[in-house]
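Shown next, in structure tokens, is the structure this report addresses.
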Amino acid sequence: MIVKEDAFSVFEIATGISEAIDLVSAELNDHHKKVAYISYHIAKEMNLPDEEINDIVLAAILHDIGAFTCEERLHVVFALFNDNDYNKHPEMGFKLLRNFEPFHNAALLIRQHHAHFDKDSNDAPIGSYIVHLADRVSIIIDKRNEILGQVPGIIEKIDHNRAIFHPDTLAAFRRVAKKEYFWIETCFLPINNILLDRMQFPAQILGLDALLSLAKVISQIIDFRSRFTSTHSSGVAAVAFELTGIHGFSERECKLMKIAGYLHDIGKLAISNDILEKNGALNHEEFNEMRKHPYFTYAILNRIKGFEQIAMWAASHHERLDGNGYPFHVRGENFSKLSRIMAVADIVTAITEDRPYRKGMDGEKAIEILSKMVEDGGIDKGTVEVVKENFARVNDVRMKAQEEELQEYNAFYAFSLSKQK
């Protein structure tokens, strides 16, 4: 079934991204959602307006989005209270999110979410101070031990470092901390459901162009982690869009496939950068880790209402007609035409794009590889025939999309580095 309405929840999108980020390490499990829950209750205790609370919760869910590697995330999360050696990622998170309007206010809060009230200019938004306090409370919690017995020690640690926190946020936290349900829900209940039940969080009604804009933002979150794949999703999206159009599908289906192309590797947020950037063949254990990412893509996207079909197309990029792909091992008639197109789009992009460790294949070699995969029963013959007949057109679209994305990648890191000087 094709998505019929352009209505989706920004909260669900943000939660899906944060879950993917936290999957990379057991130590980070549900960290972002815990920070969002704690932030919500502090903001609510301060009687802030609902709209402002919504932005604070979004910022909390995505607050470490600019920390790209597992090591950096762990350092950011478990840094000492007075450790200022982790302030690169707020600026990077701000740059990633600021141009998508529903995330713009959250991006402004993320930009200063490690501001210290006693050392900095004291003019950060109150939401940034709330997220900072919630973040520090979250990391003190010991998931291995009973929570209510920990409360006095948690409060003591926060009070010991009270100078770095905004006094109003600290006073609100102390009032919230007296309530047992707050701690029980923080540690044991599905926080995203609790927040949705309590918040006045409207669904965003967006057209496909706005949805495409969001998908591109997410693709940069995925791809900008690694120089090896910094433009890959933009290439897959462009090729998938072009092939879908040549096949005669509707404009709407073409745009939905482009969205799926942008999002097809979102599951790689759960994969270590050591594996993603390995310059050489993966060993058995590393390859098994890598094989998980299309399933994670499916699980992350399928939980978003209206994304069910997009989730399947996006997650199908390593499936094969003979059933030897992964993660679902679909075959034959169960492998839909648009899923087959996505699988070919991913292969075409992967073998023709340049990587830091090798040049992309030319048309003759690429078509030879694709034809061999058809002979082996792996990929769709009709789609490969379309690629053969239109290779120059398809490849030009890919190159243009990736050249534009490379400019954005270089500008992103130039911006981020300039902010560190």
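A note on labels: chains of the structure tokens are A, B, ... as shown, every chain counts residues from 1, and ligands are counted from 1 in their shown order.
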
key: range 346-362 of chain A environment, 7 Å, only C-alpha atoms, sequence neighbours closer than 6 positions dropped, as a ChimeraX atom specification   = /A:228,235-236,317

key: Per-residue DSSP, range 202-373 of chain A, filtered to helix (DSSP H, G or I), as number ranges by chain   = A: 208-223, 227-229, 232-246, 251-263, 266-270, 273-276, 284-290, 293-302, 308-318, 332-334, 337-352, 363-373

task = Name all residues at most 12 Å from Ile56 in chain A (count only C-alpha atoms; drop same-chain ones fewer than 4 positions away) and give them as number ranges by chain.
result = A: 11, 35-44, 48-52, 60-63, 103-110, 113, 125-132, 134, 199, 201

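In this model, the gap between CA of Phe94 in chain A and CA of His31 in chain A comes to 19.2 Å.
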
message = I want to know what sits within 7 Å of range 215-219 of chain A, based on only C-alpha atoms, with residues of the same chain fewer than 4 positions away left out; could you give that as a PyMOL selection string?
response = chain A and resi 96-97+211+223+233+259+262-263

key: Contacts of Ile341 in chain A at 8 Å (only C-alpha atoms; same-chain gap of 6+ positions) as a PyMOL selection string   = chain A and resi 240+243-244+380+383

Expected file contents, prior selection, N, CA and C atoms, as a short mmCIF file (atom, residue, chain, number, x, y, z; two decimals), in the first residue's frame:
data_model
loop_
_atom_site.label_atom_id
_atom_site.label_comp_id
_atom_site.auth_asym_id
_atom_site.auth_seq_id
_atom_site.Cartn_x
_atom_site.Cartn_y
_atom_site.Cartn_z
N ALA A 240 17.67 5.70 -7.66
CA ALA A 240 16.36 5.08 -7.43
C ALA A 240 15.25 5.93 -8.04
N LEU A 243 15.52 5.60 -12.01
CA LEU A 243 15.09 4.30 -12.51
C LEU A 243 13.58 4.09 -12.34
N THR A 244 13.03 4.56 -11.23
CA THR A 244 11.59 4.44 -11.01
C THR A 244 10.81 5.22 -12.05
N ASP A 380 17.26 -8.09 -10.65
CA ASP A 380 16.18 -8.05 -11.63
C ASP A 380 16.71 -7.73 -13.03
N THR A 383 15.29 -4.42 -14.71
CA THR A 383 15.88 -3.20 -14.17
C THR A 383 17.29 -3.01 -14.70
#

key: Shell around Pro327 in chain A at 10 Å using only C-alpha atoms, local window under 2 positions removed, as a ChimeraX atom specification   = /A:291-296,298,315-319,323-325,329-330

ask   = Trp313 in chain A: which residues within 9 Å, counting only C-alpha atoms, same-chain residues fewer than 6 positions away excluded, as a PyMOL selection string?
value = chain A and resi 257+260-261+264+298+336+338-343

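Among the candidates A:Glu45, A:Glu91, A:Asp64, A:Asp322, the one nearest to Asp135 in chain A when counting only C-alpha atoms is A:Asp64.
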
task = From the DSSP assignment of the backbone, select every residue of range 129-353 of chain A that is strand (DSSP E or B), and format the answer as a PyMOL selection string.
result = chain A and resi 204-205+322+331

request  = Go ahead and compute the interatomic distance for CA of Glu368 in chain A and CA of Glu403 in chain A, in Å to one decimal.
outcome  = 25.0 Å

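Shortest separation to Lys337 in chain A among A:Gly280, A:Gly377, A:Gly267, A:Gly248 occurs at residue A:Gly248, atoms counted being only C-alpha atoms.
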
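The two atoms in question, CA of Asp159 in chain A and CA of Arg174 in chain A, are spaced 9.5 Å apart.
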